[in-house]
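Trainee: My file is target-v4.cif. It has mmCIF, C-alpha atoms and all ligand atoms:
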```
data_coords
#
loop_
_atom_site.label_atom_id
_atom_site.label_comp_id
_atom_site.auth_asym_id
_atom_site.auth_seq_id
_atom_site.Cartn_x
_atom_site.Cartn_y
_atom_site.Cartn_z
CA MET A 1 0.00 0.00 0.00
CA ARG A 2 2.86 2.27 0.96
CA ASN A 3 4.43 1.46 -2.34
CA VAL A 4 1.56 2.68 -4.37
CA GLN A 5 1.26 5.69 -2.16
CA ARG A 6 4.85 6.54 -2.99
CA LEU A 7 4.35 5.95 -6.62
CA ALA A 8 1.33 8.01 -6.79
CA ALA A 9 2.36 10.12 -3.83
CA GLY A 10 0.21 13.17 -3.53
CA LEU A 11 -2.37 11.39 -5.50
CA ALA A 12 -3.64 10.56 -2.17
CA LEU A 13 -5.70 12.81 0.00
CA PHE A 14 -7.09 10.97 2.89
CA GLY A 15 -4.89 8.07 3.56
CA MET A 16 -2.82 7.55 0.54
CA ALA A 17 -3.81 9.68 -1.92
CA ALA A 18 -5.37 13.29 -2.57
CA PHE A 19 -9.76 14.91 -3.41
CA THR A 20 -14.56 18.53 -6.42
CA GLY A 21 -17.90 20.48 -7.20
CA CYS A 22 -20.86 19.51 -9.20
CA GLY A 23 -22.39 20.63 -12.35
CA GLY A 24 -26.00 21.52 -12.60
CA ASP A 25 -28.58 22.42 -15.09
CA GLY A 26 -29.76 25.87 -15.82
CA GLU A 27 -28.09 28.61 -17.78
CA SER A 28 -26.24 27.74 -20.93
CA ALA A 29 -22.61 26.78 -20.38
CA SER A 30 -20.14 29.63 -20.36
CA ALA A 31 -16.36 29.37 -20.31
CA PRO A 32 -15.08 28.50 -16.85
CA ARG A 33 -13.15 31.13 -14.93
CA VAL A 34 -9.45 30.34 -14.88
CA LEU A 35 -7.50 30.11 -11.67
CA ASN A 36 -3.78 30.13 -12.43
CA VAL A 37 -1.87 28.44 -9.65
CA SER A 38 1.82 27.59 -9.43
CA ILE A 39 4.11 26.08 -6.87
CA THR A 40 7.82 26.51 -6.16
CA GLU A 41 10.45 25.30 -3.71
CA PRO A 42 12.10 28.48 -2.40
CA SER A 43 14.43 26.36 -0.23
CA ALA A 44 14.99 22.72 0.73
CA ASN A 45 12.31 22.74 3.38
CA ARG A 46 9.96 25.31 1.90
CA VAL A 47 7.13 24.91 -0.59
CA ALA A 48 5.10 27.92 -1.72
CA PHE A 49 1.92 28.32 -3.78
CA THR A 50 1.26 31.37 -5.92
CA ALA A 51 -2.52 31.66 -6.31
CA PRO A 52 -5.26 34.29 -6.39
CA THR A 53 -6.92 34.90 -3.02
CA SER A 54 -10.45 34.89 -4.42
CA VAL A 55 -12.50 33.75 -7.37
CA GLN A 56 -16.16 34.03 -8.38
CA ALA A 57 -18.36 31.00 -7.70
CA GLY A 58 -19.25 28.78 -10.63
CA ALA A 59 -17.24 26.61 -12.99
CA VAL A 60 -13.57 27.23 -12.22
CA ARG A 61 -10.68 25.87 -14.25
CA ILE A 62 -7.55 25.37 -12.17
CA ARG A 63 -4.33 25.49 -14.19
CA PHE A 64 -1.63 24.21 -11.88
CA THR A 65 2.01 24.59 -12.92
CA ASN A 66 4.77 22.86 -11.02
CA ARG A 67 7.84 25.15 -11.10
CA GLY A 68 9.73 23.00 -8.58
CA ARG A 69 12.08 20.05 -8.87
CA GLN A 70 9.79 17.57 -7.07
CA PRO A 71 6.26 16.36 -7.79
CA HIS A 72 3.47 18.45 -6.27
CA ASP A 73 -0.31 18.55 -6.24
CA ALA A 74 -2.99 21.15 -5.65
CA THR A 75 -5.65 19.37 -3.65
CA LEU A 76 -8.71 21.56 -3.15
CA LEU A 77 -10.64 21.32 0.13
CA ARG A 78 -13.56 23.37 1.44
CA LEU A 79 -13.72 23.77 5.22
CA ASP A 80 -16.90 24.67 7.06
CA ASP A 81 -16.75 27.73 9.31
CA GLY A 82 -14.94 27.20 12.58
CA HIS A 83 -12.42 24.68 11.24
CA THR A 84 -8.79 25.27 10.41
CA VAL A 85 -6.41 23.95 7.82
CA ALA A 86 -4.32 22.53 10.68
CA GLU A 87 -7.30 20.41 11.71
CA ALA A 88 -7.76 19.30 8.11
CA LEU A 89 -4.12 18.22 7.89
CA ARG A 90 -4.47 16.18 11.07
CA VAL A 91 -7.43 14.35 9.51
CA ILE A 92 -5.42 13.63 6.37
CA GLU A 93 -2.39 12.40 8.28
CA ASN A 94 -4.55 9.98 10.25
CA GLU A 95 -4.58 7.32 7.55
CA GLY A 96 -7.67 5.16 7.69
CA GLY A 97 -9.29 7.41 10.28
CA PRO A 98 -12.70 9.03 10.05
CA ILE A 99 -13.20 12.02 7.73
CA PRO A 100 -15.43 14.58 9.48
CA ASP A 101 -18.38 16.24 7.77
CA TRP A 102 -16.85 19.73 7.94
CA LEU A 103 -14.15 18.70 5.49
CA HIS A 104 -15.17 18.64 1.83
CA ALA A 105 -13.06 17.17 -0.94
CA VAL A 106 -13.92 19.31 -3.94
CA GLY A 107 -11.21 18.58 -6.47
CA GLY A 108 -8.12 20.40 -7.61
CA VAL A 109 -5.25 18.81 -9.49
CA ALA A 110 -3.51 15.59 -8.46
CA THR A 111 0.21 14.95 -8.88
CA VAL A 112 1.98 17.13 -11.43
CA ARG A 113 5.60 16.38 -12.28
CA PRO A 114 8.28 19.08 -12.33
CA GLY A 115 7.89 21.51 -15.21
CA GLN A 116 4.44 20.23 -16.09
CA THR A 117 0.97 21.80 -15.91
CA GLY A 118 -2.22 19.97 -14.93
CA THR A 119 -5.78 21.23 -15.19
CA SER A 120 -9.20 20.48 -13.74
CA VAL A 121 -12.60 22.16 -13.90
CA GLN A 122 -15.05 22.04 -11.00
CA ASN A 123 -18.17 23.91 -9.94
CA LEU A 124 -17.34 25.85 -6.79
CA ALA A 125 -19.97 27.12 -4.37
CA PRO A 126 -19.21 30.23 -2.26
CA GLY A 127 -17.04 29.55 0.79
CA ARG A 128 -13.54 29.21 2.14
CA TYR A 129 -11.24 26.83 0.32
CA GLN A 130 -7.71 25.58 0.87
CA LEU A 131 -5.28 24.46 -1.77
CA ILE A 132 -2.82 22.06 -0.21
CA ASP A 133 0.12 20.08 -1.54
CA LEU A 134 0.06 16.51 -0.24
CA GLU A 135 3.13 15.27 -2.09
CA SER A 136 6.02 14.07 0.00
CA GLY A 137 8.88 15.12 -2.24
CA ASP A 138 11.58 12.75 -3.36
CA ALA A 139 12.54 11.13 -0.08
CA GLU A 140 10.75 8.30 1.68
CA ASN A 141 8.65 9.70 4.52
CA ALA A 142 9.63 13.28 3.71
CA PRO A 143 7.22 15.89 5.04
CA THR A 144 4.37 16.77 2.70
CA GLY A 145 4.38 20.00 0.75
CA ALA A 146 1.68 21.27 3.12
CA ALA A 147 3.96 20.64 6.09
CA ARG A 148 6.60 22.74 4.31
CA GLY A 149 4.25 25.69 3.73
CA GLY A 150 2.41 24.50 0.64
CA ILE A 151 -1.00 25.85 1.62
CA ALA A 152 -3.05 28.65 0.02
CA THR A 153 -6.46 30.01 1.04
CA ILE A 154 -8.97 30.96 -1.64
CA GLN A 155 -12.26 32.69 -0.97
CA VAL A 156 -14.99 31.78 -3.44
CA THR A 157 -17.38 34.71 -3.64
CA GLY A 158 -20.73 35.54 -5.16
CA GLU A 159 -23.78 33.39 -5.67
CA ALA A 160 -23.86 29.63 -6.05
CA GLY A 161 -24.59 29.03 -9.69
CA ALA A 162 -25.76 26.26 -11.89
CA ALA A 163 -22.54 26.21 -13.82
CA GLU A 164 -21.99 23.42 -16.28
CA LEU A 165 -18.75 21.55 -16.69
CA PRO A 166 -17.22 21.24 -20.16
CA THR A 167 -18.58 18.38 -22.23
CA THR A 168 -16.25 15.39 -22.58
CA THR A 169 -16.30 12.13 -24.48
CA ALA A 170 -14.25 10.32 -21.84
CA GLN A 171 -15.58 9.44 -18.44
CA ILE A 172 -14.60 7.64 -15.26
CA ALA A 173 -17.41 7.02 -12.81
CA ALA A 174 -16.53 5.94 -9.25
CA TYR A 175 -18.81 4.29 -6.71
CA GLU A 176 -18.74 1.84 -3.77
CA TYR A 177 -16.64 0.00 -4.76
CA GLY A 178 -15.62 0.16 -8.36
CA PHE A 179 -15.13 2.13 -11.57
CA ARG A 180 -16.94 2.42 -14.90
CA THR A 181 -15.11 4.01 -17.81
CA GLN A 182 -15.80 5.04 -21.36
CA GLY A 183 -13.98 6.80 -24.17
CA LEU A 184 -10.45 6.83 -22.71
CA LYS A 185 -7.95 7.23 -25.55
CA PRO A 186 -4.17 7.39 -25.93
CA GLY A 187 -2.95 10.97 -25.55
CA SER A 188 -4.33 13.87 -23.56
CA ASN A 189 -7.89 13.17 -22.40
CA ASN A 190 -10.40 15.54 -20.89
CA VAL A 191 -12.18 13.16 -18.57
CA LEU A 192 -15.35 13.66 -16.58
CA PHE A 193 -14.50 12.14 -13.21
CA ASP A 194 -17.94 11.56 -11.74
CA ASN A 195 -18.22 10.32 -8.16
CA ILE A 196 -21.68 8.81 -8.27
CA GLY A 197 -21.20 7.16 -4.89
CA ALA A 198 -21.71 8.44 -1.37
CA GLN A 199 -18.11 8.13 -0.20
CA PRO A 200 -15.06 10.12 -1.26
CA HIS A 201 -13.11 8.56 -4.12
CA HIS A 202 -10.32 9.24 -6.54
CA ALA A 203 -8.93 7.31 -9.47
CA VAL A 204 -5.29 6.35 -9.79
CA ALA A 205 -4.47 5.00 -13.27
CA ALA A 206 -1.31 2.90 -13.17
CA PRO A 207 0.10 1.24 -16.31
CA ILE A 208 0.43 -2.53 -15.79
CA LEU A 209 3.89 -3.66 -16.89
CA PRO A 210 4.19 -6.29 -19.67
CA GLY A 211 3.70 -9.83 -18.39
CA ARG A 212 2.21 -8.71 -15.09
CA SER A 213 -1.39 -9.25 -13.98
CA LEU A 214 -4.06 -7.26 -12.21
CA ALA A 215 -3.91 -9.82 -9.39
CA GLU A 216 -0.26 -8.88 -8.89
CA VAL A 217 -1.18 -5.20 -8.86
CA ARG A 218 -3.79 -5.93 -6.20
CA THR A 219 -1.31 -7.80 -4.03
CA PHE A 220 1.21 -5.01 -4.48
CA ALA A 221 -1.34 -2.32 -3.63
CA VAL A 222 -2.67 -3.92 -0.46
CA SER A 223 0.56 -5.15 1.10
CA GLU A 224 2.94 -2.94 2.98
CA ASN A 225 6.02 -4.77 1.76
CA ALA A 226 5.25 -6.61 -1.43
CA PRO A 227 8.36 -8.53 -2.56
CA GLY A 228 9.95 -8.21 -5.96
CA PRO A 229 9.76 -5.60 -8.67
CA PRO A 230 6.54 -3.58 -8.83
CA PRO A 231 3.98 -4.69 -11.45
CA ILE A 232 3.17 -1.09 -12.45
CA ASP A 233 4.97 1.82 -14.06
CA PHE A 234 5.17 4.58 -11.46
CA GLU A 235 6.59 7.08 -13.91
CA ARG A 236 3.52 6.99 -16.13
CA THR A 237 0.94 6.74 -13.34
CA VAL A 238 -1.65 9.53 -13.36
CA ALA A 239 -4.57 10.33 -11.06
CA THR A 240 -7.54 12.49 -10.33
CA ALA A 241 -7.92 14.52 -7.16
CA VAL A 242 -10.22 13.21 -4.43
CA LEU A 243 -13.91 14.02 -4.74
CA ASP A 244 -16.72 13.84 -2.24
CA GLY A 245 -19.69 11.64 -3.06
CA ARG A 246 -22.09 13.11 -5.65
CA THR A 247 -19.55 15.54 -7.03
CA LYS A 248 -17.64 15.69 -10.28
CA GLN A 249 -14.85 17.42 -12.09
CA VAL A 250 -13.32 17.45 -15.55
CA VAL A 251 -9.68 16.53 -15.37
CA GLN A 252 -6.92 16.24 -17.93
CA LEU A 253 -5.31 12.79 -17.96
CA ASP A 254 -2.44 11.83 -20.24
CA LEU A 255 -2.71 8.14 -21.12
CA GLU A 256 -0.81 5.80 -23.38
CA ARG A 257 -1.96 2.80 -25.34
CA GLY A 258 -2.07 -0.32 -23.17
CA ARG A 259 -3.32 -1.85 -19.95
CA TYR A 260 -3.97 0.18 -16.82
CA ALA A 261 -5.07 -0.64 -13.31
CA LEU A 262 -7.57 1.83 -11.83
CA LEU A 263 -7.35 2.03 -8.05
CA CYS A 264 -8.80 4.05 -5.16
CA PHE A 265 -6.88 4.48 -1.91
CA ILE A 266 -9.40 6.63 -0.07
CA GLN A 267 -11.32 5.29 2.91
CA ASP A 268 -14.99 5.70 3.88
CA ARG A 269 -15.94 8.80 5.89
CA ALA A 270 -16.46 6.52 8.87
CA GLY A 271 -12.85 5.36 8.54
CA GLY A 272 -11.53 1.98 7.52
CA PRO A 273 -9.29 0.41 4.91
CA PRO A 274 -8.49 2.07 1.62
CA HIS A 275 -11.09 1.19 -0.98
CA VAL A 276 -8.69 -0.95 -2.98
CA VAL A 277 -8.95 -3.45 -0.14
CA LYS A 278 -12.74 -3.49 -0.69
CA GLY A 279 -12.27 -4.35 -4.31
CA MET A 280 -11.99 -0.87 -5.84
CA ILE A 281 -9.50 -1.95 -8.49
CA SER A 282 -10.09 -2.82 -12.12
CA GLU A 283 -8.24 -3.25 -15.36
CA ILE A 284 -8.86 -1.19 -18.48
CA THR A 285 -7.22 -1.19 -21.87
CA VAL A 286 -6.59 2.14 -23.53
CA ARG A 287 -6.69 1.73 -27.30
CU CU B 301 -12.76 5.10 -3.20
#
```
Would you give me this structure, written as structure tokens?

Mentor:
Amino acid sequence: MRNVQRLAAGLALFGMAAFTGCGGDGESASAPRVLNVSITEPSANRVAFTAPTSVQAGAVRIRFTNRGRQPHDATLLRLDDGHTVAEALRVIENEGGPIPDWLHAVGGVATVRPGQTGTSVQNLAPGRYQLIDLESGDAENAPTGAARGGIATIQVTGEAGAAELPTTTAQIAAYEYGFRTQGLKPGSNNVLFDNIGAQPHHAVAAPILPGRSLAEVRTFAVSENAPGPPPIDFERTVATAVLDGRTKQVVQLDLERGRYALLCFIQDRAGGPPHVVKGMISEITVR
């Protein structure tokens, strides 16, 4: 489990990985507002976001550029009044623990490699949001970006709207406990990641190495110290951010032709094992 966490690092939000808004009906779709966000490493033990401090409610496109030398993510959380980002980080660090109702996983951008840009679009209601970097840098058990200062507060202002997300041909639906996919192609995909379940989920897409099986990926993902070489290609693993139940986002995922394992490492809000242990793993072929 640790292994896959490392591989996908900040992919995780609660537990191993990382966490968006929902579309609605109503007015005709207009172009999402763009939130340009970047991250740097000003020193060895410092991580810093550059981000606007407010944005209008509605469909918001986050363009997240990693200007550092390590992988980073921009996990987007909404905190109810009276709760602090420090409390949220304690929840996240408590792997397998309960996820309280005041903490909402509303999207953002999962792991982005150095020099790269990732994007996602989500419908944001008014409120107080935190962008946090949950990546642990290059070293095993290194502090997360958030622990090194990688936290930014964004106020979402105005009226809750019925903003629509961009239309996509590719989709990944997540539920308890599995995935359904359609339209995933080699290359850069705009994917509707639709959490149709009640629990928080994300999707980690890990290429299965030649000659290896999904059963081996499962064993690798659920054991702390799986022996032998990993059955997946960490370098080409991509992921969505973590989303609360009944929310969705459109995320850019770069895929290659071939076999992938889809996995979820998030636990139920009540706490418990990561969902991969409950069978939230499946194989897809991108062609
Ligand atoms: Cu899940």

Trainee: Please provide the set of residues having any atom within 12 Å of Asp133 in chain A, restricted to all atoms listed in the file, with same-chain residues fewer than 6 positions apart removed, written as a VMD selection string.

Mentor: chain A and resid 9 to 13 17 to 19 37 to 41 46 to 49 64 66 70 to 77 89 92 108 to 112 143 to 152 241

Trainee: Go through A:Glu159, A:Asp254, A:Asp80, A:Glu176 and flag the residue nearest Lys278 in chain A, using all atoms listed in the file for the distances.

Mentor: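 Of A:Glu159, A:Asp254, A:Asp80, A:Glu176, the one nearest Lys278 in chain A, counting all atoms listed in the file, is A:Glu176.
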
Trainee: Kindly assemble as JSON lines a list of the chain A residues that lie within 7 Å of ligand CU 301 (chain B), each paired with its nearest atom pair and their distance in Å to one decimal, using all atoms listed in the file, sorted first by chain and then by ascending residue number.

Mentor:
```
{"residue": "A:Glu176", "atom": "CA", "partner": "B:CU301", "partner_atom": "CU", "distance": 6.8}
{"residue": "A:Tyr177", "atom": "CA", "partner": "B:CU301", "partner_atom": "CU", "distance": 6.6}
{"residue": "A:Gln199", "atom": "CA", "partner": "B:CU301", "partner_atom": "CU", "distance": 6.8}
{"residue": "A:Pro200", "atom": "CA", "partner": "B:CU301", "partner_atom": "CU", "distance": 5.9}
{"residue": "A:His201", "atom": "CA", "partner": "B:CU301", "partner_atom": "CU", "distance": 3.6}
{"residue": "A:His202", "atom": "CA", "partner": "B:CU301", "partner_atom": "CU", "distance": 5.9}
{"residue": "A:Cys264", "atom": "CA", "partner": "B:CU301", "partner_atom": "CU", "distance": 4.5}
{"residue": "A:Phe265", "atom": "CA", "partner": "B:CU301", "partner_atom": "CU", "distance": 6.1}
{"residue": "A:Ile266", "atom": "CA", "partner": "B:CU301", "partner_atom": "CU", "distance": 4.8}
{"residue": "A:Gln267", "atom": "CA", "partner": "B:CU301", "partner_atom": "CU", "distance": 6.3}
{"residue": "A:His275", "atom": "CA", "partner": "B:CU301", "partner_atom": "CU", "distance": 4.8}
{"residue": "A:Met280", "atom": "CA", "partner": "B:CU301", "partner_atom": "CU", "distance": 6.6}
```

Trainee: I'd like the neighbourhood of Val106 in chain A as a tab-separated table (two decimals) with C-alpha atoms, keeping the file's coordinate frame, where a residue qualifies if any of its atoms comes within 10 Å (using all atoms listed in the file), though same-chain residues fewer than 4 positions away should be ignored.

Mentor:
```tsv
chain	number	residue	atom	x	y	z
A	19	PHE	CA	-9.76	14.91	-3.41
A	20	THR	CA	-14.56	18.53	-6.42
A	21	GLY	CA	-17.90	20.48	-7.20
A	22	CYS	CA	-20.86	19.51	-9.20
A	75	THR	CA	-5.65	19.37	-3.65
A	76	LEU	CA	-8.71	21.56	-3.15
A	77	LEU	CA	-10.64	21.32	0.13
A	78	ARG	CA	-13.56	23.37	1.44
A	122	GLN	CA	-15.05	22.04	-11.00
A	123	ASN	CA	-18.17	23.91	-9.94
A	124	LEU	CA	-17.34	25.85	-6.79
A	125	ALA	CA	-19.97	27.12	-4.37
A	129	TYR	CA	-11.24	26.83	0.32
A	200	PRO	CA	-15.06	10.12	-1.26
A	241	ALA	CA	-7.92	14.52	-7.16
A	242	VAL	CA	-10.22	13.21	-4.43
A	243	LEU	CA	-13.91	14.02	-4.74
A	244	ASP	CA	-16.72	13.84	-2.24
A	245	GLY	CA	-19.69	11.64	-3.06
A	247	THR	CA	-19.55	15.54	-7.03
A	248	LYS	CA	-17.64	15.69	-10.28
A	249	GLN	CA	-14.85	17.42	-12.09
```

Trainee: May I ask which of the residues A:Val156, A:Ala86, A:Ala170, A:Ala162 is the closest one to Ala57 in chain A, counting all atoms listed in the file?

Mentor: A:Val156

Trainee: Enter the distance from CA of Ser120 in chain A to CA of Gly107 in chain A, in Å, rounded to one decimal.

Mentor: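 Between these atoms lies a distance of 7.8 Å.
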
Trainee: Residues near Ala88 in chain A, anyone? I mean within 10 Å using only C-alpha atoms, not counting same-chain ones fewer than 2 positions away, as a PyMOL selection string.

Mentor: chain A and resi 14+77-79+83-86+90-93+99-100+102-104+130

Trainee: At a cut-off of 7 Å, using only C-alpha atoms, what residues contact Gln252 in chain A? Leave out same-chain residues fewer than 5 positions from it and give the result as a PyMOL selection string.

Mentor: chain A and resi 118-120+188-191

Trainee: Which one is closest to Leu184 in chain A: A:Gln56, A:Thr50, A:Thr285, A:Thr219? Count only C-alpha atoms.

Mentor: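 Answer, going by the shortest atom-to-atom distance: A:Thr285.
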
Trainee: For CA of Ser223 in chain A and CA of Ile196 in chain A, quote the distance in Å rounded to one decimal.

Mentor: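 Going from CA of Ser223 in chain A over to CA of Ile196 in chain A covers 27.9 Å.
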
Trainee: Could you tell me how far CA of Val204 in chain A lies from CA of Leu262 in chain A, in Å and to one decimal?

Mentor: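 So the answer is 5.5 Å.
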